[in-house]
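K.L.:
Before I ask anything, let me first share the structure, which is written out below as structure tokens.
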Amino acid sequence: MSQQWLLNCGNNLVYLAVILLFATNLACVSSSSQIDVDADLKHMLSRCQKRDEDFNECMRQVFNDLRAYFTTGVPDYNIKPFDPHRCTFVELRRGDSQGLGSFRLILRNVSEFGWARSEVTKFYADPEDHRIVYAQYFPEKSLEGEYEFAAKMLGSEMNRKGHWNLTLYDYSQTTSVRRIGDPGSLIKVHVEVDRIGGMELHIENLLQGQPLNQLADGVINSMWQLGLPFIKPMINELVSSAFTDIFNESFRHFPLEKFLST
């Protein structure tokens, strides 16, 4: 097996690995029971005075206090749980099926864990632009599910499916949330990946045969950083689109002014 073959294979596997990594940021979960949510939210949010100089820091602390709801959601306000995320179907397509290169990735029955341990490290509110920006840190995030992958490159076809699992370490991102208009109007989200400190990924049946599949795991986990800079713009676009859907579903009609003090 030549060194060049390993390099080419490694690059392809890195691209698939990173795409697989970020295509799973969707929330498809069921709601659970809650206590007196209105009183609790009022207690947390009303302590942040919008005219105070420390409003941004106060809201950063509130965001972290809200982690108690990540595992339950807030059913009365149609906010779904964030930990774990559970999604039955995610699809990603790129390229023209009749062209020189294209791929289709489907993820099924995806579960994502780690949001309850995340921390909002920075928060900024821009009332005039109806926008908030916050940075979030995850010491560890894990995902698992089933995948189907089909690709066509220069006339050659690749079809794979199986189980996959992934763990991220020392991961952070910055999220910008902007409301386009008055309360109840659409929400636009942009997510920028800031850092991935470490990654462990296993993709079943990516290569034919157990020895080659173990080799693929080793190549992916040792070379993923090389492919990240080239596909980061696509990652940011993909995650931003997914989170725009999530925020509109869960937060578009949330009556924030009901709980904030003036």
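The chains in the structure tokens are called A, B, ... from first to last as shown; in each chain the residues are counted from 1, and the ligands are counted from 1 in the order shown.
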Excluding Gln61 of chain A and any residue of its chain fewer than 3 positions from it, enumerate the residues within 12 Å of it, using only C-alpha atoms, and give them as a ChimeraX atom specification.
P.N.:
/A:44-45,47-48,54-58,64-67,119-123,134
K.L.:
Mind checking DSSP for segment 11-183 of chain A and telling me the helix (DSSP H, G or I) residues as a count of residues only?
P.N.:
45
K.L.:
Please report, as a PyMOL selection string, each residue of segment 53-253 of chain A to which DSSP assigns strand (DSSP E or B) when run on this structure's backbone.
P.N.:
chain A and resi 74+79+85-95+101-113+119-126+131-153+156-179+187-203
K.L.:
Nearest to Glu148 of chain A: which of A:Asn205, A:Ser102, A:Asn165, A:Ser172 is it, counting only C-alpha atoms?
P.N.:
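Result for the nearest residue to Glu148 of chain A: A:Asn205.
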K.L.:
What does the distance between atom CA of Leu206 of chain A and atom CA of Pro84 of chain A come to in Å, to one decimal place?
P.N.:
26.0 Å
K.L.:
Which residues, written as an MDAnalysis selection string, have at least one atom at most 7 Å from Ser111 of chain A, with only C-alpha atoms counted and residues fewer than 4 positions away on the same chain left out?
P.N.:
chainID A and resid 84:87 143:145
